[in-house]
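Enquirer: To be precise about what I am sending: the file is called protein_16.pdb and holds PDB, C-alpha atoms and all ligand atoms.
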ATOM      1  CA  MET P 312      -3.243 -10.715 -13.316  1.00  0.00           C
ATOM      2  CA  ASN P 313      -2.029  -8.301 -15.965  1.00  0.00           C
ATOM      3  CA  SER P 314      -1.532  -8.101 -19.707  1.00  0.00           C
ATOM      4  CA  PHE P 315       2.191  -8.811 -19.516  1.00  0.00           C
ATOM      5  CA  LYS P 316       3.357 -12.329 -20.225  1.00  0.00           C
ATOM      6  CA  LYS P 317       6.378 -12.395 -17.996  1.00  0.00           C
ATOM      7  CA  ILE P 318       7.777  -9.863 -15.535  1.00  0.00           C
ATOM      8  CA  LEU P 319      11.332  -9.521 -14.257  1.00  0.00           C
ATOM      9  CA  VAL P 320      12.461  -7.447 -11.296  1.00  0.00           C
ATOM     10  CA  VAL P 321      16.108  -6.380 -11.633  1.00  0.00           C
ATOM     11  CA  TYR P 322      17.706  -4.437  -8.811  1.00  0.00           C
ATOM     12  CA  PHE P 323      20.888  -3.384  -7.072  1.00  0.00           C
ATOM     13  CA  SER P 324      20.947  -2.756  -3.342  1.00  0.00           C
ATOM     14  CA  HIS P 325      23.818  -1.736  -1.092  1.00  0.00           C
ATOM     15  CA  SER P 326      22.140  -1.662   2.304  1.00  0.00           C
ATOM     16  CA  GLY P 327      18.954  -3.683   1.687  1.00  0.00           C
ATOM     17  CA  ASN P 328      16.223  -1.069   1.122  1.00  0.00           C
ATOM     18  CA  THR P 329      15.904  -1.536  -2.631  1.00  0.00           C
ATOM     19  CA  ARG P 330      16.059  -5.312  -2.096  1.00  0.00           C
ATOM     20  CA  GLU P 331      13.037  -5.079   0.206  1.00  0.00           C
ATOM     21  CA  ILE P 332      11.009  -3.118  -2.371  1.00  0.00           C
ATOM     22  CA  ALA P 333      12.046  -5.643  -5.047  1.00  0.00           C
ATOM     23  CA  ARG P 334      10.855  -8.433  -2.757  1.00  0.00           C
ATOM     24  CA  GLN P 335       7.480  -6.763  -2.259  1.00  0.00           C
ATOM     25  CA  ILE P 336       7.023  -6.203  -6.017  1.00  0.00           C
ATOM     26  CA  GLN P 337       7.900  -9.867  -6.567  1.00  0.00           C
ATOM     27  CA  GLU P 338       5.383 -10.927  -3.943  1.00  0.00           C
ATOM     28  CA  ALA P 339       2.621  -8.850  -5.548  1.00  0.00           C
ATOM     29  CA  THR P 340       3.305  -9.827  -9.168  1.00  0.00           C
ATOM     30  CA  GLY P 341       4.922 -13.273  -9.056  1.00  0.00           C
ATOM     31  CA  ALA P 342       7.797 -11.880 -11.144  1.00  0.00           C
ATOM     32  CA  ASP P 343      11.226 -13.442 -11.533  1.00  0.00           C
ATOM     33  CA  VAL P 344      13.984 -11.557  -9.689  1.00  0.00           C
ATOM     34  CA  PHE P 345      17.594 -10.791 -10.559  1.00  0.00           C
ATOM     35  CA  GLU P 346      19.957  -9.012  -8.173  1.00  0.00           C
ATOM     36  CA  ILE P 347      22.742  -6.997  -9.798  1.00  0.00           C
ATOM     37  CA  VAL P 348      25.980  -7.779  -7.959  1.00  0.00           C
ATOM     38  CA  PRO P 349      29.283  -6.101  -8.844  1.00  0.00           C
ATOM     39  CA  VAL P 350      32.412  -8.274  -8.855  1.00  0.00           C
ATOM     40  CA  ASP P 351      34.057  -5.875  -6.396  1.00  0.00           C
ATOM     41  CA  PRO P 352      31.720  -5.219  -3.493  1.00  0.00           C
ATOM     42  CA  TYR P 353      31.262  -1.631  -2.320  1.00  0.00           C
ATOM     43  CA  PRO P 354      32.656  -0.740   1.095  1.00  0.00           C
ATOM     44  CA  THR P 355      30.162  -0.969   3.931  1.00  0.00           C
ATOM     45  CA  ASP P 356      31.498   2.226   5.531  1.00  0.00           C
ATOM     46  CA  TYR P 357      29.071   5.008   4.588  1.00  0.00           C
ATOM     47  CA  ASP P 358      31.639   7.746   3.932  1.00  0.00           C
ATOM     48  CA  ALA P 359      33.766   5.361   1.864  1.00  0.00           C
ATOM     49  CA  VAL P 360      30.907   4.253  -0.367  1.00  0.00           C
ATOM     50  CA  VAL P 361      29.708   7.840  -0.764  1.00  0.00           C
ATOM     51  CA  ASP P 362      33.197   8.884  -1.937  1.00  0.00           C
ATOM     52  CA  GLN P 363      33.588   5.889  -4.236  1.00  0.00           C
ATOM     53  CA  ALA P 364      30.153   6.435  -5.799  1.00  0.00           C
ATOM     54  CA  LYS P 365      30.916  10.114  -6.362  1.00  0.00           C
ATOM     55  CA  HIS P 366      34.151   9.208  -8.138  1.00  0.00           C
ATOM     56  CA  GLU P 367      32.538   6.472 -10.265  1.00  0.00           C
ATOM     57  CA  LEU P 368      29.702   8.746 -11.347  1.00  0.00           C
ATOM     58  CA  ARG P 369      32.038  11.600 -12.157  1.00  0.00           C
ATOM     59  CA  THR P 370      34.292   9.372 -14.286  1.00  0.00           C
ATOM     60  CA  GLU P 371      31.385   7.351 -15.764  1.00  0.00           C
ATOM     61  CA  TYR P 372      33.002   4.192 -14.460  1.00  0.00           C
ATOM     62  CA  ARG P 373      30.950   1.056 -15.107  1.00  0.00           C
ATOM     63  CA  PRO P 374      31.686  -1.647 -12.530  1.00  0.00           C
ATOM     64  CA  ILE P 375      31.948  -5.208 -13.823  1.00  0.00           C
ATOM     65  CA  LEU P 376      29.057  -7.413 -12.737  1.00  0.00           C
ATOM     66  CA  LYS P 377      29.200 -10.997 -11.520  1.00  0.00           C
ATOM     67  CA  SER P 378      26.451 -11.791 -14.033  1.00  0.00           C
ATOM     68  CA  ASN P 379      24.343  -9.901 -16.564  1.00  0.00           C
ATOM     69  CA  GLY P 380      21.328 -11.949 -15.483  1.00  0.00           C
ATOM     70  CA  PRO P 381      18.762 -13.945 -17.392  1.00  0.00           C
ATOM     71  CA  ASP P 382      18.137 -13.766 -21.117  1.00  0.00           C
ATOM     72  CA  LEU P 383      15.533 -11.034 -21.484  1.00  0.00           C
ATOM     73  CA  LYS P 384      13.791 -12.597 -24.468  1.00  0.00           C
ATOM     74  CA  ALA P 385      11.083 -14.143 -22.327  1.00  0.00           C
ATOM     75  CA  PHE P 386      10.302 -10.954 -20.400  1.00  0.00           C
ATOM     76  CA  ASP P 387       8.168  -8.119 -21.663  1.00  0.00           C
ATOM     77  CA  ALA P 388       7.981  -5.979 -18.496  1.00  0.00           C
ATOM     78  CA  ILE P 389      11.110  -5.281 -16.471  1.00  0.00           C
ATOM     79  CA  PHE P 390      11.218  -3.415 -13.162  1.00  0.00           C
ATOM     80  CA  VAL P 391      14.611  -1.760 -12.652  1.00  0.00           C
ATOM     81  CA  GLY P 392      15.437  -0.785  -9.080  1.00  0.00           C
ATOM     82  CA  SER P 393      18.267   1.251  -7.613  1.00  0.00           C
ATOM     83  CA  PRO P 394      19.107   3.319  -4.589  1.00  0.00           C
ATOM     84  CA  ASN P 395      19.391   7.012  -5.366  1.00  0.00           C
ATOM     85  CA  TRP P 396      23.145   7.640  -5.366  1.00  0.00           C
ATOM     86  CA  TRP P 397      24.084  11.252  -5.819  1.00  0.00           C
ATOM     87  CA  SER P 398      20.718  11.957  -7.478  1.00  0.00           C
ATOM     88  CA  THR P 399      20.987   9.174 -10.036  1.00  0.00           C
ATOM     89  CA  ILE P 400      21.024   5.383 -10.259  1.00  0.00           C
ATOM     90  CA  ALA P 401      23.963   3.409  -8.862  1.00  0.00           C
ATOM     91  CA  PRO P 402      26.759   2.609 -11.363  1.00  0.00           C
ATOM     92  CA  PRO P 403      26.112  -1.184 -11.336  1.00  0.00           C
ATOM     93  CA  VAL P 404      22.580  -0.480 -12.615  1.00  0.00           C
ATOM     94  CA  MET P 405      24.094   1.660 -15.361  1.00  0.00           C
ATOM     95  CA  THR P 406      26.338  -1.293 -16.285  1.00  0.00           C
ATOM     96  CA  TRP P 407      23.348  -3.604 -16.437  1.00  0.00           C
ATOM     97  CA  LEU P 408      21.240  -1.241 -18.556  1.00  0.00           C
ATOM     98  CA  SER P 409      24.143  -0.648 -20.961  1.00  0.00           C
ATOM     99  CA  ALA P 410      24.720  -4.383 -21.361  1.00  0.00           C
ATOM    100  CA  HIS P 411      21.248  -5.072 -22.754  1.00  0.00           C
ATOM    101  CA  ASP P 412      19.210  -4.116 -25.779  1.00  0.00           C
ATOM    102  CA  LEU P 413      16.015  -3.010 -24.070  1.00  0.00           C
ATOM    103  CA  SER P 414      14.230  -1.700 -27.156  1.00  0.00           C
ATOM    104  CA  GLY P 415      10.652  -2.921 -27.298  1.00  0.00           C
ATOM    105  CA  LYS P 416      10.627  -3.738 -23.576  1.00  0.00           C
ATOM    106  CA  THR P 417       8.477  -2.039 -20.978  1.00  0.00           C
ATOM    107  CA  ILE P 418      10.670  -0.683 -18.184  1.00  0.00           C
ATOM    108  CA  VAL P 419       9.358   0.314 -14.759  1.00  0.00           C
ATOM    109  CA  PRO P 420      11.940   2.172 -12.656  1.00  0.00           C
ATOM    110  CA  PHE P 421      11.861   2.190  -8.865  1.00  0.00           C
ATOM    111  CA  ILE P 422      14.140   4.082  -6.553  1.00  0.00           C
ATOM    112  CA  THR P 423      14.804   4.217  -2.842  1.00  0.00           C
ATOM    113  CA  HIS P 424      16.165   7.443  -1.409  1.00  0.00           C
ATOM    114  CA  GLU P 425      16.580   9.545   1.702  1.00  0.00           C
ATOM    115  CA  GLY P 426      15.048  12.782   0.496  1.00  0.00           C
ATOM    116  CA  SER P 427      15.937  13.432  -3.161  1.00  0.00           C
ATOM    117  CA  ARG P 428      13.244  11.078  -4.460  1.00  0.00           C
ATOM    118  CA  GLN P 429      13.867  10.105  -8.121  1.00  0.00           C
ATOM    119  CA  ALA P 430      15.934  13.181  -8.963  1.00  0.00           C
ATOM    120  CA  LYS P 431      17.732  12.334 -12.258  1.00  0.00           C
ATOM    121  CA  SER P 432      17.322   8.559 -11.851  1.00  0.00           C
ATOM    122  CA  VAL P 433      14.415   8.026 -14.205  1.00  0.00           C
ATOM    123  CA  GLN P 434      15.933  10.348 -16.786  1.00  0.00           C
ATOM    124  CA  ASP P 435      19.122   8.259 -16.666  1.00  0.00           C
ATOM    125  CA  VAL P 436      17.260   4.946 -16.906  1.00  0.00           C
ATOM    126  CA  LYS P 437      15.530   6.345 -19.998  1.00  0.00           C
ATOM    127  CA  ARG P 438      18.811   7.517 -21.519  1.00  0.00           C
ATOM    128  CA  LEU P 439      20.337   4.053 -21.020  1.00  0.00           C
ATOM    129  CA  SER P 440      17.385   2.088 -22.423  1.00  0.00           C
ATOM    130  CA  PRO P 441      16.780   3.561 -25.873  1.00  0.00           C
ATOM    131  CA  GLY P 442      13.671   2.251 -27.594  1.00  0.00           C
ATOM    132  CA  ALA P 443      12.087   1.011 -24.375  1.00  0.00           C
ATOM    133  CA  THR P 444       8.734   2.241 -23.077  1.00  0.00           C
ATOM    134  CA  LEU P 445       8.972   3.621 -19.558  1.00  0.00           C
ATOM    135  CA  LEU P 446       5.973   3.307 -17.261  1.00  0.00           C
ATOM    136  CA  ASP P 447       5.563   5.618 -14.259  1.00  0.00           C
ATOM    137  CA  GLY P 448       8.197   4.787 -11.694  1.00  0.00           C
ATOM    138  CA  ARG P 449       8.039   5.229  -7.934  1.00  0.00           C
ATOM    139  CA  ALA P 450      10.403   6.528  -5.298  1.00  0.00           C
ATOM    140  CA  PHE P 451      10.293   5.029  -1.807  1.00  0.00           C
ATOM    141  CA  TRP P 452      11.863   6.384   1.363  1.00  0.00           C
ATOM    142  CA  GLY P 453      14.658   4.008   2.273  1.00  0.00           C
ATOM    143  CA  SER P 454      13.896   4.273   5.965  1.00  0.00           C
ATOM    144  CA  ASP P 455      10.236   3.411   5.357  1.00  0.00           C
ATOM    145  CA  VAL P 456      10.442   0.441   2.992  1.00  0.00           C
ATOM    146  CA  ASN P 457       8.699  -1.833   5.459  1.00  0.00           C
ATOM    147  CA  ASN P 458       5.573   0.342   5.273  1.00  0.00           C
ATOM    148  CA  SER P 459       5.351   0.433   1.484  1.00  0.00           C
ATOM    149  CA  ARG P 460       2.971  -2.433   0.818  1.00  0.00           C
ATOM    150  CA  GLU P 461      -0.122  -0.276   0.143  1.00  0.00           C
ATOM    151  CA  ASP P 462       1.815   2.244  -1.948  1.00  0.00           C
ATOM    152  CA  ILE P 463       3.172  -0.605  -4.039  1.00  0.00           C
ATOM    153  CA  GLN P 464      -0.267  -2.145  -4.569  1.00  0.00           C
ATOM    154  CA  ARG P 465      -1.750   1.225  -5.574  1.00  0.00           C
ATOM    155  CA  TRP P 466       1.122   1.941  -7.949  1.00  0.00           C
ATOM    156  CA  LEU P 467       0.965  -1.504  -9.582  1.00  0.00           C
ATOM    157  CA  ARG P 468      -2.769  -1.027 -10.164  1.00  0.00           C
ATOM    158  CA  GLU P 469      -2.215   2.437 -11.655  1.00  0.00           C
ATOM    159  CA  ILE P 470       0.267   1.084 -14.182  1.00  0.00           C
ATOM    160  CA  LYS P 471      -1.986  -1.949 -14.759  1.00  0.00           C
ATOM    161  CA  LEU P 472       0.498  -4.527 -13.605  1.00  0.00           C
ATOM    162  CA  LEU P 473      -1.964  -5.652 -10.978  1.00  0.00           C
ATOM    163  CA  SER P 474      -5.761  -5.820 -11.185  1.00  0.00           C
TER     164      SER P 474
HETATM  165  C1  LIG D 501      26.686   6.499  -2.154  1.00  0.00           C
HETATM  166  C2  LIG D 501      25.356   6.978  -1.661  1.00  0.00           C
HETATM  167  C3  LIG D 501      24.816   8.131  -2.202  1.00  0.00           C
HETATM  168  C4  LIG D 501      23.522   8.542  -1.824  1.00  0.00           C
HETATM  169  N1  LIG D 501      23.000   9.676  -2.391  1.00  0.00           N
HETATM  170  C5  LIG D 501      21.722  10.025  -2.080  1.00  0.00           C
HETATM  171  C6  LIG D 501      21.115  11.180  -2.693  1.00  0.00           C
HETATM  172  O1  LIG D 501      21.724  11.892  -3.499  1.00  0.00           O
HETATM  173  N2  LIG D 501      19.839  11.476  -2.354  1.00  0.00           N
HETATM  174  C7  LIG D 501      19.123  10.719  -1.455  1.00  0.00           C
HETATM  175  O2  LIG D 501      17.962  11.039  -1.214  1.00  0.00           O
HETATM  176  N3  LIG D 501      19.678   9.629  -0.861  1.00  0.00           N
HETATM  177  C8  LIG D 501      20.949   9.272  -1.138  1.00  0.00           C
HETATM  178  N4  LIG D 501      21.497   8.158  -0.536  1.00  0.00           N
HETATM  179  C9  LIG D 501      20.664   7.341   0.365  1.00  0.00           C
HETATM  180  C10 LIG D 501      20.136   6.098  -0.348  1.00  0.00           C
HETATM  181  O3  LIG D 501      19.513   6.440  -1.577  1.00  0.00           O
HETATM  182  C11 LIG D 501      19.108   5.349   0.503  1.00  0.00           C
HETATM  183  O4  LIG D 501      19.615   5.080   1.765  1.00  0.00           O
HETATM  184  C12 LIG D 501      18.651   4.066  -0.201  1.00  0.00           C
HETATM  185  O5  LIG D 501      17.435   3.627   0.335  1.00  0.00           O
HETATM  186  C13 LIG D 501      19.683   2.952  -0.079  1.00  0.00           C
HETATM  187  O6  LIG D 501      19.213   1.810  -0.761  1.00  0.00           O
HETATM  188  P1  LIG D 501      19.823   0.352  -0.526  1.00  0.00           P
HETATM  189  O7  LIG D 501      19.589   0.020   0.935  1.00  0.00           O
HETATM  190  O8  LIG D 501      19.038  -0.522  -1.428  1.00  0.00           O
HETATM  191  O9  LIG D 501      21.278   0.411  -0.855  1.00  0.00           O
HETATM  192  C14 LIG D 501      22.784   7.783  -0.859  1.00  0.00           C
HETATM  193  C15 LIG D 501      23.378   6.641  -0.291  1.00  0.00           C
HETATM  194  C16 LIG D 501      24.633   6.243  -0.679  1.00  0.00           C
HETATM  195  C17 LIG D 501      25.243   5.017  -0.055  1.00  0.00           C
END
Using structure tokens, write down the structure that the file contains.
Expert:
Amino acid sequence: MNSFKKILVVYFSHSGNTREIARQIQEATGADVFEIVPVDPYPTDYDAVVDQAKHELRTEYRPILKSNGPDLKAFDAIFVGSPNWWSTIAPPVMTWLSAHDLSGKTIVPFITHEGSRQAKSVQDVKRLSPGATLLDGRAFWGSDVNNSREDIQRWLREIKLLS
């Protein structure tokens, strides 16, 4: 139990790691979940997606999403999850953040990575959610997401989203 009325977990995942963390947060909190899906899927080839992401970030391109997700009125705490792409959040997450007025909401960022941890991700979530309150986020090693259960429980207790 926690003091928040309704929790939403919003995430984008290219290769499944961030999805797995989102799933574990959902399991622990009973939150609703929304997966951010761009209209044009990213290539599965690693080098191709790395190049495309670099270009999109450099040009501040905001990919169009299949859906902007549920009406946020009902939710007071929103987890926002992304892989670390070039030290920041993936462009589809930027699209989602920019599409919503998040002022007055409590935002909890979570990131999966392969060494850079949060880098500029949290800073960029903050920049794109003016007026929101950010709680302490967490970074999870992408290759270790299946061993994150205890870390997640500890974190959720620290930020009082789990008792
Ligand atoms: C386009 C791209 C850029 C990435 N850039 C970084 C980076 O700068 N630092 C890092 O630690 N990991 C980087 N990674 C690794 C991912 O953050 C990591 O594998 C993550 O867990 C993937 O999450 P997903 O499975 O939910 O897509 C990058 C991966 C991709 C595909």
Enquirer: The PyMOL selection byres (((chain P and resi 326-339) around 8) and not hetatm) - which residues does that actually catch in the file I just gave you? List them as number ranges by chain.
Expert: P: 320-325, 340-344, 392-394, 422-423, 453-454, 456-457, 459-460, 463-464, 473
Enquirer: Quick one: residues within 8 Å of Val436 (chain P), only C-alpha atoms counted, chain neighbours fewer than 6 positions away excluded, as a PyMOL selection string?
Expert: chain P and resi 400+405+408+420
Enquirer: Padding 4 Å on each side, edges along x, y and z: where is the centre of the box around the listed atoms of ligand LIG 501 (chain D), and how long are its edges in Å to one decimal? Output it as AutoDock Vina command-line options.
Expert:
--center_x 22.1 --center_y 5.7 --center_z -0.9 --size_x 17.3 --size_y 20.4 --size_z 13.3
Enquirer: Just to confirm, what's the straight-line distance from CA of Ile418 (chain P) to CA of Ala385 (chain P) in Å (one decimal)?
Expert: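 Going from CA of Ile418 (chain P) over to CA of Ala385 (chain P) covers 14.1 Å.
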Enquirer: Considering all atoms listed in the file, state which residue in the set P:Thr417, P:Ile470, P:Asn458, P:His424 is at the smallest distance from Thr444 (chain P).
Expert: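 For Thr444 (chain P), the nearest of the candidates is P:Thr417.
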Enquirer: Using only C-alpha atoms, which of P:Asn395, P:Ala443, P:Pro381, P:Ser414 sits nearest Ala430 (chain P)?
Expert: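 Nearest candidate to Ala430 (chain P) out of P:Asn395, P:Ala443, P:Pro381, P:Ser414: P:Asn395.
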Enquirer: Work out how far CA of Lys471 (chain P) is from atom P1 of ligand LIG 501 (chain D), in Å to one decimal.
Expert: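 Atom-to-atom, atom P1 of ligand LIG 501 (chain D) to CA of Lys471 (chain P), that is 26.1 Å.
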Enquirer: Nearest to ligand LIG 501 (chain D): which of P:Ser440, P:Ser474, P:Gln434, P:Ser398 is it, counting only C-alpha atoms and all ligand atoms?
Expert: P:Ser398
Enquirer: Nearest to Thr399 (chain P): which of P:Leu376, P:Leu383, P:Ala364, P:Leu413 is it, counting all atoms listed in the file?
Expert: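 Using all atoms listed in the file, Thr399 (chain P) sits closest to P:Ala364.
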Enquirer: Could you expand the PyMOL selection byres (((chain P and resi 389) around 7) and not hetatm) into the explicit residues it covers here, written as a list in words?
Expert: Ile318, Leu319, Val320, Phe386, Asp387, Ala388, Phe390, Val391, Thr417, Ile418 and Val419 of chain P
Enquirer: Run the PyMOL selection byres (((chain P and resi 348-352) around 6) and not hetatm) mentally over the shown coordinates, then write out the matched residues as a list in words, using the chain letters and numbers from the document.
Expert: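 Evaluating the PyMOL selection byres (((chain P and resi 348-352) around 6) and not hetatm) on this file yields Ile347, Tyr353, Ile375, Leu376 and Lys377 of chain P.
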Enquirer: Please report the interatomic distance between CA of Thr370 (chain P) and CA of Asp358 (chain P) in Å with one decimal.
Expert: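 So the answer is 18.5 Å.
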Enquirer: Please determine, counting only C-alpha atoms and all ligand atoms, which residue among P:Arg428, P:Arg465, P:His366, P:Arg373 has the shortest atom-to-atom distance to ligand LIG 501 (chain D).
Expert: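 Closest to ligand LIG 501 (chain D) of all the choices is P:Arg428.
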Enquirer: Out of P:Pro354, P:Pro441, P:Gly426, P:Gly380, which residue has the shortest atom-to-atom distance to Ser409 (chain P) when counting only C-alpha atoms?
Expert: P:Pro441
